[in-house]
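Visitor: Structure supplied as run_39.txt; contents: compact mmCIF, C-alpha atoms and all ligand atoms.
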```
# COMPACT_ATOMS: atom_id res chain seq x y z
CA MET A 1 0.00 0.00 0.00
CA LEU A 2 1.22 3.46 -0.87
CA LEU A 3 0.88 6.25 1.67
CA LEU A 4 1.55 9.95 1.61
CA GLY A 5 2.63 11.22 5.07
CA ILE A 6 2.20 14.83 6.16
CA GLU A 7 3.80 16.37 9.26
CA SER A 8 3.02 19.98 10.18
CA SER A 9 2.70 20.04 13.97
CA CYS A 10 5.35 22.64 14.68
CA ASP A 11 8.06 24.32 12.61
CA GLU A 12 8.85 21.66 10.04
CA THR A 13 6.79 20.81 6.98
CA GLY A 14 7.54 17.15 6.28
CA LEU A 15 6.16 15.10 3.39
CA ALA A 16 6.95 11.49 2.51
CA VAL A 17 5.82 8.59 0.38
CA TYR A 18 5.95 5.22 2.14
CA ASP A 19 5.23 1.82 0.67
CA THR A 20 4.23 -0.86 3.21
CA LEU A 21 6.21 -3.43 1.17
CA GLN A 22 9.20 -1.47 -0.15
CA GLY A 23 9.61 1.03 2.70
CA LEU A 24 10.36 4.72 2.33
CA LEU A 25 10.27 5.87 -1.31
CA ALA A 26 10.75 9.62 -0.86
CA ASP A 27 10.82 12.22 1.86
CA ALA A 28 11.25 15.97 1.87
CA LEU A 29 11.40 18.55 4.57
CA HIS A 30 11.23 22.29 4.87
CA SER A 31 12.50 23.62 8.18
CA GLN A 32 11.26 27.02 9.35
CA VAL A 33 14.15 27.38 11.77
CA ALA A 34 15.71 30.36 9.96
CA MET A 35 12.35 32.17 9.87
CA HIS A 36 11.70 31.77 13.61
CA ASP A 37 15.31 32.46 14.62
CA ALA A 38 14.74 36.23 14.61
CA TYR A 39 12.07 35.78 17.31
CA GLY A 40 14.02 33.31 19.49
CA GLY A 41 11.32 30.64 19.20
CA VAL A 42 8.42 29.41 17.11
CA VAL A 43 5.78 32.05 16.24
CA PRO A 44 2.61 29.96 15.75
CA GLU A 45 0.90 32.22 13.19
CA LEU A 46 4.03 32.45 11.04
CA ALA A 47 4.42 28.67 11.30
CA SER A 48 0.88 28.07 9.99
CA ARG A 49 1.31 30.48 7.08
CA ASP A 50 4.62 28.91 6.08
CA HIS A 51 3.12 25.38 6.16
CA ILE A 52 0.45 26.64 3.74
CA ARG A 53 3.17 27.93 1.40
CA ARG A 54 5.29 24.77 1.47
CA ILE A 55 2.97 21.83 1.73
CA ILE A 56 1.72 21.46 -1.87
CA PRO A 57 5.15 21.99 -3.54
CA LEU A 58 6.67 19.44 -1.13
CA ALA A 59 3.85 16.97 -1.86
CA ARG A 60 4.52 17.35 -5.59
CA GLN A 61 8.23 16.87 -4.95
CA VAL A 62 7.88 13.57 -3.03
CA LEU A 63 5.34 12.18 -5.51
CA ALA A 64 7.78 12.96 -8.36
CA GLU A 65 10.72 11.46 -6.45
CA ALA A 66 8.73 8.32 -5.72
CA LYS A 67 7.68 8.27 -9.39
CA ILE A 68 4.01 7.97 -8.55
CA GLN A 69 0.80 9.89 -9.26
CA LEU A 70 -1.72 11.10 -6.71
CA SER A 71 -4.10 8.45 -8.04
CA ASP A 72 -1.63 5.68 -7.02
CA LEU A 73 -2.02 6.55 -3.34
CA ASP A 74 -3.99 4.20 -1.07
CA ALA A 75 -4.20 6.51 1.97
CA ILE A 76 -3.01 9.84 3.33
CA ALA A 77 -1.56 10.03 6.82
CA TYR A 78 -1.19 13.25 8.76
CA THR A 79 -0.20 14.45 12.21
CA ALA A 80 -3.45 15.21 14.05
CA GLY A 81 -1.74 16.24 17.31
CA PRO A 82 -0.26 17.14 19.67
CA GLY A 83 1.15 20.42 18.41
CA LEU A 84 0.24 23.97 17.40
CA ALA A 85 -3.46 24.12 16.49
CA GLY A 86 -3.06 26.29 13.39
CA ALA A 87 -0.05 24.36 12.11
CA LEU A 88 -1.83 21.02 12.62
CA LEU A 89 -4.90 22.32 10.79
CA VAL A 90 -2.87 23.03 7.65
CA GLY A 91 -1.66 19.42 7.35
CA ALA A 92 -5.03 18.02 8.41
CA SER A 93 -7.02 20.06 5.88
CA VAL A 94 -4.70 19.22 3.00
CA ALA A 95 -4.73 15.51 3.93
CA GLU A 96 -8.46 15.28 4.50
CA SER A 97 -9.40 17.20 1.37
CA LEU A 98 -7.00 15.22 -0.83
CA ALA A 99 -8.37 12.00 0.64
CA LEU A 100 -11.93 13.14 0.04
CA ALA A 101 -11.13 14.04 -3.58
CA LEU A 102 -9.33 10.73 -4.19
CA THR A 103 -11.92 8.67 -2.22
CA ILE A 104 -9.22 7.09 -0.10
CA PRO A 105 -8.87 7.07 3.71
CA ALA A 106 -7.15 9.85 5.63
CA ILE A 107 -5.34 8.49 8.70
CA PRO A 108 -4.82 10.84 11.68
CA ILE A 109 -1.58 9.97 13.50
CA HIS A 110 -0.30 10.90 16.95
CA HIS A 111 2.96 12.82 16.47
CA LEU A 112 4.71 10.98 19.32
CA GLU A 113 3.62 7.59 18.00
CA GLY A 114 5.35 8.63 14.78
CA HIS A 115 8.53 9.41 16.74
CA LEU A 116 8.51 6.32 18.91
CA LEU A 117 7.99 3.91 16.01
CA SER A 118 10.55 5.66 13.78
CA PRO A 119 13.50 3.48 14.97
CA LEU A 120 11.68 0.64 13.17
CA LEU A 121 12.73 2.43 9.95
CA ALA A 122 16.40 1.77 10.78
CA GLU A 123 18.39 -1.00 9.06
CA THR A 124 18.52 -3.01 12.29
CA PRO A 125 15.21 -2.29 13.96
CA PRO A 126 14.14 -3.29 17.49
CA THR A 127 11.39 -5.81 18.11
CA LEU A 128 8.39 -5.31 20.38
CA PRO A 129 8.22 -4.92 23.35
CA PHE A 130 10.63 -2.10 24.17
CA VAL A 131 11.00 1.01 26.29
CA ALA A 132 10.85 4.23 24.30
CA LEU A 133 12.57 7.36 25.49
CA LEU A 134 10.84 10.28 23.79
CA VAL A 135 13.03 13.34 24.03
CA SER A 136 11.88 16.32 22.03
CA GLY A 137 11.29 20.05 22.45
CA GLY A 138 7.94 19.40 24.11
CA HIS A 139 8.28 15.95 25.71
CA THR A 140 10.62 13.90 27.84
CA GLN A 141 8.94 10.61 28.62
CA PHE A 142 9.65 6.94 29.12
CA MET A 143 6.98 4.78 27.49
CA ALA A 144 6.54 1.02 27.66
CA VAL A 145 5.68 -0.06 24.12
CA GLU A 146 4.04 -3.47 24.39
CA ALA A 147 2.34 -3.52 21.03
CA LEU A 148 1.20 -1.13 18.33
CA GLY A 149 -1.11 1.36 20.06
CA ASN A 150 -0.39 -0.07 23.52
CA TYR A 151 1.73 2.55 25.22
CA THR A 152 2.10 2.99 28.98
CA LEU A 153 3.66 6.11 30.43
CA LEU A 154 6.38 5.07 32.89
CA GLY A 155 7.59 8.53 33.85
CA GLU A 156 8.20 11.98 32.48
CA THR A 157 9.63 15.39 33.21
CA VAL A 158 7.80 17.32 35.89
CA ASP A 159 8.72 20.66 34.27
CA ASP A 160 10.73 21.52 31.13
CA ALA A 161 11.34 18.98 28.39
CA ALA A 162 15.01 18.14 27.77
CA GLY A 163 14.90 19.83 24.33
CA GLU A 164 13.29 22.90 25.86
CA ALA A 165 16.12 23.00 28.43
CA PHE A 166 18.67 22.77 25.59
CA ASP A 167 16.87 25.60 23.77
CA LYS A 168 16.59 27.88 26.82
CA THR A 169 20.15 27.20 27.96
CA ALA A 170 21.47 27.93 24.48
CA LYS A 171 19.54 31.20 24.45
CA LEU A 172 21.23 32.21 27.72
CA MET A 173 24.55 31.85 25.89
CA GLY A 174 23.35 33.88 22.93
CA LEU A 175 23.16 30.85 20.62
CA PRO A 176 20.62 30.68 17.77
CA TYR A 177 17.33 28.77 17.88
CA PRO A 178 16.94 25.77 18.02
CA GLY A 179 19.48 25.57 20.79
CA GLY A 180 20.13 21.82 20.90
CA PRO A 181 22.36 21.48 17.84
CA ALA A 182 24.05 24.86 18.50
CA LEU A 183 24.77 24.05 22.14
CA SER A 184 26.15 20.60 21.40
CA LYS A 185 28.42 22.12 18.74
CA LEU A 186 29.71 24.67 21.26
CA ALA A 187 30.25 21.83 23.77
CA GLU A 188 32.73 20.23 21.36
CA GLN A 189 35.25 22.93 22.34
CA GLY A 190 34.54 22.58 26.05
CA GLN A 191 36.29 20.69 28.81
CA LEU A 192 34.33 18.62 31.30
CA GLY A 193 34.72 19.40 35.00
CA ARG A 194 35.56 23.09 34.69
CA TYR A 195 32.10 24.01 35.97
CA LYS A 196 29.69 22.07 38.17
CA LEU A 197 26.00 21.57 37.48
CA PRO A 198 23.38 19.53 39.36
CA ARG A 199 21.84 16.25 38.13
CA PRO A 200 18.21 16.95 39.14
CA MET A 201 16.21 13.99 40.48
CA LEU A 202 19.04 11.59 39.56
CA HIS A 203 18.49 9.51 42.67
CA SER A 204 14.71 9.79 42.93
CA ASP A 205 13.40 6.25 43.03
CA ASP A 206 11.15 6.68 39.98
CA LEU A 207 11.22 7.73 36.33
CA GLU A 208 10.31 11.35 36.90
CA MET A 209 12.77 13.97 35.68
CA SER A 210 13.26 17.71 36.04
CA PHE A 211 15.25 20.04 33.80
CA SER A 212 14.18 23.55 34.74
CA GLY A 213 16.57 23.73 37.74
CA LEU A 214 19.46 22.85 35.46
CA LYS A 215 18.61 25.77 33.19
CA THR A 216 18.42 28.08 36.24
CA ALA A 217 21.81 26.81 37.45
CA VAL A 218 23.28 27.57 34.01
CA SER A 219 21.81 31.09 34.11
CA LEU A 220 23.72 31.73 37.37
CA LEU A 221 26.98 30.45 35.87
CA VAL A 222 26.54 32.39 32.64
CA ARG A 223 25.91 35.60 34.61
CA ASP A 224 29.42 35.51 36.09
CA ALA A 225 31.45 33.53 33.56
CA PRO A 226 33.37 35.12 30.66
CA ALA A 227 32.02 34.16 27.22
CA VAL A 228 35.19 32.14 26.47
CA ASP A 229 34.06 29.74 29.20
CA TYR A 230 30.65 29.07 27.63
CA PRO A 231 31.88 25.90 25.88
CA HIS A 232 32.86 24.48 29.32
CA ILE A 233 29.38 25.26 30.65
CA ALA A 234 27.75 23.85 27.52
CA ILE A 235 29.60 20.53 27.79
CA GLU A 236 28.71 20.25 31.49
CA PHE A 237 25.06 20.97 30.73
CA GLN A 238 25.00 18.34 28.00
CA GLU A 239 26.68 15.84 30.33
CA ALA A 240 24.16 16.54 33.09
CA VAL A 241 21.23 15.89 30.72
CA ALA A 242 22.91 12.72 29.39
CA ASP A 243 23.62 11.52 32.97
CA VAL A 244 20.01 11.98 34.05
CA LEU A 245 18.49 10.46 30.91
CA SER A 246 20.84 7.47 30.88
CA THR A 247 20.38 6.75 34.61
CA LYS A 248 16.60 6.87 34.22
CA ALA A 249 16.85 4.76 31.05
CA LEU A 250 18.59 1.99 33.00
CA ARG A 251 15.92 2.24 35.67
CA SER A 252 13.14 2.00 33.05
CA LEU A 253 14.68 -1.19 31.65
CA ALA A 254 15.07 -2.66 35.12
CA SER A 255 11.49 -1.86 36.07
CA THR A 256 9.93 -3.32 32.90
CA GLY A 257 12.37 -6.21 32.43
CA TYR A 258 12.72 -5.18 28.76
CA THR A 259 16.14 -5.34 27.13
CA GLN A 260 15.65 -2.84 24.32
CA LEU A 261 15.61 0.93 24.56
CA VAL A 262 14.40 3.00 21.64
CA VAL A 263 15.32 6.67 21.58
CA ALA A 264 13.19 9.05 19.56
CA GLY A 265 12.67 12.80 19.18
CA GLY A 266 14.96 15.69 18.34
CA VAL A 267 17.28 15.38 21.37
CA GLY A 268 17.97 11.81 20.24
CA ALA A 269 20.22 13.43 17.62
CA ASN A 270 22.61 14.44 20.42
CA GLN A 271 25.82 12.48 19.94
CA ARG A 272 26.93 12.56 23.57
CA LEU A 273 23.54 11.27 24.73
CA ARG A 274 23.72 8.49 22.14
CA THR A 275 27.19 7.39 23.22
CA LYS A 276 26.35 7.47 26.91
CA LEU A 277 23.12 5.51 26.47
CA ILE A 278 24.86 2.86 24.36
CA GLU A 279 27.78 2.52 26.82
CA ARG A 280 25.65 2.27 29.94
CA CYS A 281 22.93 0.05 28.48
CA SER A 282 25.34 -2.39 26.85
CA LYS A 283 27.05 -2.90 30.24
CA ARG A 284 23.65 -4.17 31.44
CA GLY A 285 23.11 -6.36 28.40
CA ALA A 286 20.53 -4.02 26.87
CA GLN A 287 20.46 -2.71 23.31
CA VAL A 288 19.77 0.87 22.26
CA PHE A 289 18.07 1.77 18.98
CA PHE A 290 17.92 5.14 17.26
CA PRO A 291 16.03 6.28 14.19
CA PRO A 292 18.27 7.18 11.24
CA LEU A 293 19.75 10.58 12.20
CA ARG A 294 17.76 12.61 9.65
CA LEU A 295 14.53 11.05 10.98
CA CYS A 296 15.24 12.04 14.61
CA THR A 297 13.65 15.46 14.26
CA ASP A 298 10.16 16.03 12.85
CA ASN A 299 9.49 14.52 9.43
CA GLY A 300 6.71 13.14 7.25
CA ALA A 301 8.31 9.70 6.95
CA MET A 302 7.58 8.74 10.56
CA ILE A 303 3.93 9.73 10.10
CA ALA A 304 3.50 7.70 6.91
CA HIS A 305 5.38 4.80 8.52
CA ALA A 306 3.18 4.76 11.67
CA ALA A 307 0.09 4.84 9.46
CA GLY A 308 1.53 2.00 7.35
CA LEU A 309 1.96 -0.14 10.48
CA ARG A 310 -1.59 0.66 11.53
CA LEU A 311 -2.89 -0.29 8.08
CA ALA A 312 -0.92 -3.54 8.13
CA ALA A 313 -2.27 -4.34 11.60
CA GLY A 314 -5.81 -3.93 10.31
CA THR A 315 -6.89 -0.64 11.86
CA PRO A 316 -10.41 0.01 10.62
CA LEU A 317 -10.38 2.94 8.24
CA ASP A 318 -13.11 5.36 7.40
CA LEU A 319 -13.23 7.12 4.10
CA SER A 320 -12.84 10.83 4.69
CA ALA A 321 -16.24 12.16 5.71
CA GLY A 322 -15.18 15.73 5.05
CA SER A 323 -15.18 16.57 8.74
CA PHE A 324 -12.18 16.27 10.99
CA SER A 325 -10.51 17.79 14.03
CA VAL A 326 -7.00 18.20 15.37
CA LYS A 327 -5.85 17.64 18.95
CA PRO A 328 -3.28 20.22 20.09
CA ARG A 329 -3.18 18.27 23.39
CA TRP A 330 -3.34 14.50 23.10
CA ASP A 331 -2.16 11.91 25.62
CA LEU A 332 -0.22 9.09 23.91
CA SER A 333 -1.33 6.53 26.52
CA SER A 334 -4.94 7.18 25.51
CA LEU A 335 -4.39 5.36 22.17
CA LYS A 336 -5.98 1.92 21.96
CA PRO A 337 -4.19 -1.32 21.08
CA ILE A 338 -5.08 -2.55 17.60
O1 LIG A 401 11.32 16.17 17.90
P1 LIG A 401 11.66 17.57 17.52
O2 LIG A 401 12.22 17.83 16.15
O3 LIG A 401 10.43 18.51 17.65
C1 LIG A 401 9.52 18.41 18.69
O4 LIG A 401 9.78 19.05 19.73
O5 LIG A 401 8.52 17.65 18.49
O6 LIG A 401 12.68 18.08 18.64
C2 LIG A 401 13.20 19.38 18.63
C3 LIG A 401 14.12 19.54 19.83
C4 LIG A 401 14.60 20.97 20.03
O7 LIG A 401 14.44 21.31 21.39
C5 LIG A 401 16.07 20.90 19.64
O8 LIG A 401 16.88 21.85 20.31
C6 LIG A 401 16.42 19.49 20.04
O9 LIG A 401 15.29 18.72 19.67
N1 LIG A 401 17.63 18.98 19.35
C7 LIG A 401 18.77 18.67 19.99
C8 LIG A 401 19.69 18.27 18.98
N2 LIG A 401 19.07 18.35 17.77
C9 LIG A 401 17.80 18.78 18.02
N3 LIG A 401 19.09 18.69 21.28
C10 LIG A 401 20.35 18.34 21.63
N4 LIG A 401 21.29 17.96 20.73
C11 LIG A 401 21.02 17.90 19.41
N5 LIG A 401 21.96 17.52 18.53
ZN ZN A 402 8.61 15.93 17.24
```
Would you put the structure from the file into structure tokens?
Guide:
Amino acid sequence: MLLLGIESSCDETGLAVYDTLQGLLADALHSQVAMHDAYGGVVPELASRDHIRRIIPLARQVLAEAKIQLSDLDAIAYTAGPGLAGALLVGASVAESLALALTIPAIPIHHLEGHLLSPLLAETPPTLPFVALLVSGGHTQFMAVEALGNYTLLGETVDDAAGEAFDKTAKLMGLPYPGGPALSKLAEQGQLGRYKLPRPMLHSDDLEMSFSGLKTAVSLLVRDAPAVDYPHIAIEFQEAVADVLSTKALRSLASTGYTQLVVAGGVGANQRLRTKLIERCSKRGAQVFFPPLRLCTDNGAMIAHAAGLRLAAGTPLDLSAGSFSVKPRWDLSSLKPI
């Protein structure tokens, strides 16, 4: 079955064509990062307008790359939430109206389900069940993934998401948005141990996490430190996040008895976090899986892929009825097993 996937929940317009037999045939992305940079964060109205501008040209591009026509499509998948309401509505209206015109189903997909299943697109994918660590700009959660649609929240951040902490910390150092990649690049020139930062909730006997105190601690250091020392602070910040996430990851594996950890979401692109998770988990006989690097951040491929798995598992599909809604807030554990 051939699916078109549309992602427009935040500041990336992602389109992809996915074949349930052959895999990913084409994917294309337009990032709005440069546009939002001037404002230090995503401006929702600008995001929606830019999705409108990009979505049809990108759809044409992936159809051409996949060498297929619109009429070859069997279904259209789109991110229905969580995310920015206006941005979600752009993808949803394009998907639903195309589906209506083509008399094929439109499949609403949970953005985080897209992320957490995306490591299955890797050359050596994990097998179910596994623990998923979702680390993005809006979420930092451990999920037990027992089966498609059967997700149990094991623990999450009580305040800022890890990506949000990266972004805010980077801003304190005058780095461009999004802060994660910029801060980790700066950290490459830093030396560990020159500055000290806390590891919040490291020893709490659960899977809860907290990152806002870390950001506050950095703001105190940055206030007094000369700018040449920022790389040393950046590397310590990155290490603190990696320490907390890897310690909690080990705990999540111990508490579920699972031996596979899947890391998804933008912060999963962080090289230090990757190395630390692999080192610590392999010592305990557990394996760590990552999506291909370019699929770590938001993209249409993960949306088409999740819909493909749902189709293959026999999710009942309705032809587009011409009415639809998006869910800016949507709890992943509320999805039903298929
Ligand atoms: O999953 P994502 O693309 O969007 C959502 O939030 O859904 O994640 C974006 C987040 C941003 O906070 C960004 O700073 C962070 O992922 N990020 C990184 C890296 N690349 C992206 N954080 C740390 N290191 C990176 N290399
Ligand atoms: Zn995301």
Visitor: Which residue gives the smallest distance to Val43 of chain A among A:Asp318, A:Asp11, A:Asp72, A:Glu65, with only C-alpha atoms counted?
Guide: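 Under the stated criterion, the closest residue is A:Asp11.
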Visitor: List all protein, DNA and RNA residues that have any atom at most 9 Å from ligand ZN 402 (chain A), counting all atoms listed in the file, and write the list as a PDB file with C-alpha atoms, keeping the file's coordinate frame.
Guide:
```pdb
ATOM      1  CA  SER A   9       2.700  20.040  13.970  1.00  0.00           C
ATOM      2  CA  CYS A  10       5.350  22.640  14.680  1.00  0.00           C
ATOM      3  CA  GLY A  83       1.150  20.420  18.410  1.00  0.00           C
ATOM      4  CA  HIS A 111       2.960  12.820  16.470  1.00  0.00           C
ATOM      5  CA  LEU A 112       4.710  10.980  19.320  1.00  0.00           C
ATOM      6  CA  GLY A 114       5.350   8.630  14.780  1.00  0.00           C
ATOM      7  CA  HIS A 115       8.530   9.410  16.740  1.00  0.00           C
ATOM      8  CA  LEU A 134      10.840  10.280  23.790  1.00  0.00           C
ATOM      9  CA  VAL A 135      13.030  13.340  24.030  1.00  0.00           C
ATOM     10  CA  SER A 136      11.880  16.320  22.030  1.00  0.00           C
ATOM     11  CA  GLY A 137      11.290  20.050  22.450  1.00  0.00           C
ATOM     12  CA  GLY A 138       7.940  19.400  24.110  1.00  0.00           C
ATOM     13  CA  HIS A 139       8.280  15.950  25.710  1.00  0.00           C
ATOM     14  CA  ALA A 264      13.190   9.050  19.560  1.00  0.00           C
ATOM     15  CA  GLY A 265      12.670  12.800  19.180  1.00  0.00           C
ATOM     16  CA  GLY A 266      14.960  15.690  18.340  1.00  0.00           C
ATOM     17  CA  CYS A 296      15.240  12.040  14.610  1.00  0.00           C
ATOM     18  CA  THR A 297      13.650  15.460  14.260  1.00  0.00           C
ATOM     19  CA  ASP A 298      10.160  16.030  12.850  1.00  0.00           C
ATOM     20  CA  ASN A 299       9.490  14.520   9.430  1.00  0.00           C
TER      21      ASN A 299
END
```
Visitor: Can you measure atom CA of Leu207 of chain A to atom CA of Lys248 of chain A for me? One decimal in Å is fine.
Guide: 5.8 Å
Visitor: Can you work out which one of A:Gly163, A:Pro57, A:Gly5, A:Pro125 has the shortest atom-to-atom distance to Phe290 of chain A, counting all atoms listed in the file?
Guide: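 Closest candidate: A:Pro125.
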Visitor: May I ask which of the residues A:Leu58, A:Ala132, A:Leu63, A:Leu293 is the closest one to Thr152 of chain A, counting all atoms listed in the file?
Guide: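 Using all atoms listed in the file, Thr152 of chain A sits closest to A:Ala132.
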Visitor: Atom CA of Leu102 of chain A and atom CA of Ala75 of chain A are how many Å apart?
Guide: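 Value for the atom CA of Leu102 of chain A-atom CA of Ala75 of chain A distance: 9.1 Å.
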Visitor: Of the candidates A:Ala312, A:Val90, A:Ile68, A:Leu261, which shows the shortest atom-to-atom distance to Arg49 of chain A, using only C-alpha atoms?
Guide: A:Val90
Visitor: Counting only C-alpha atoms, which residue out of A:Ile303, A:Ile278, A:Arg310, A:Val42 sits closest to Leu116 of chain A?
Guide: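 Closest residue, counting only C-alpha atoms: A:Ile303.
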Visitor: Quick one: everything within 9 Å of Asp50 of chain A, counting only C-alpha atoms, minus sequence neighbours fewer than 4 positions away in the same chain. Send it as a tab-separated table (two decimals) with C-alpha atoms, in the frame of the given file.
Guide:
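The resulting selection31.tsv:
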```tsv
chain	number	residue	atom	x	y	z
A	11	ASP	CA	8.06	24.32	12.61
A	13	THR	CA	6.79	20.81	6.98
A	32	GLN	CA	11.26	27.02	9.35
A	45	GLU	CA	0.90	32.22	13.19
A	46	LEU	CA	4.03	32.45	11.04
A	54	ARG	CA	5.29	24.77	1.47
A	55	ILE	CA	2.97	21.83	1.73
A	87	ALA	CA	-0.05	24.36	12.11
```
Visitor: What is the distance between atom CA of Ala269 of chain A and atom CA of Ala38 of chain A, in Å to one decimal?
Guide: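 Atom-to-atom, atom CA of Ala269 of chain A and atom CA of Ala38 of chain A are spaced 23.6 Å apart.
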Visitor: Edge lengths and centre in Å to one decimal, as JSON, is what I'm after for the box along x, y and z that holds all listed atoms of segment 57-62 of chain A once 8 Å is added on each side.
Guide:
```
{"center_x": 6.0, "center_y": 17.8, "center_z": -3.4, "size_x": 20.4, "size_y": 24.4, "size_z": 20.5}
```
Visitor: Considering all atoms listed in the file, return as a PyMOL selection string whatever protein or nucleic-acid residues lie within 8 Å of Val288 of chain A, sequence-local ones (same chain, fewer than 6 positions apart) excluded.
Guide: chain A and resi 260-263+277-278+281-282
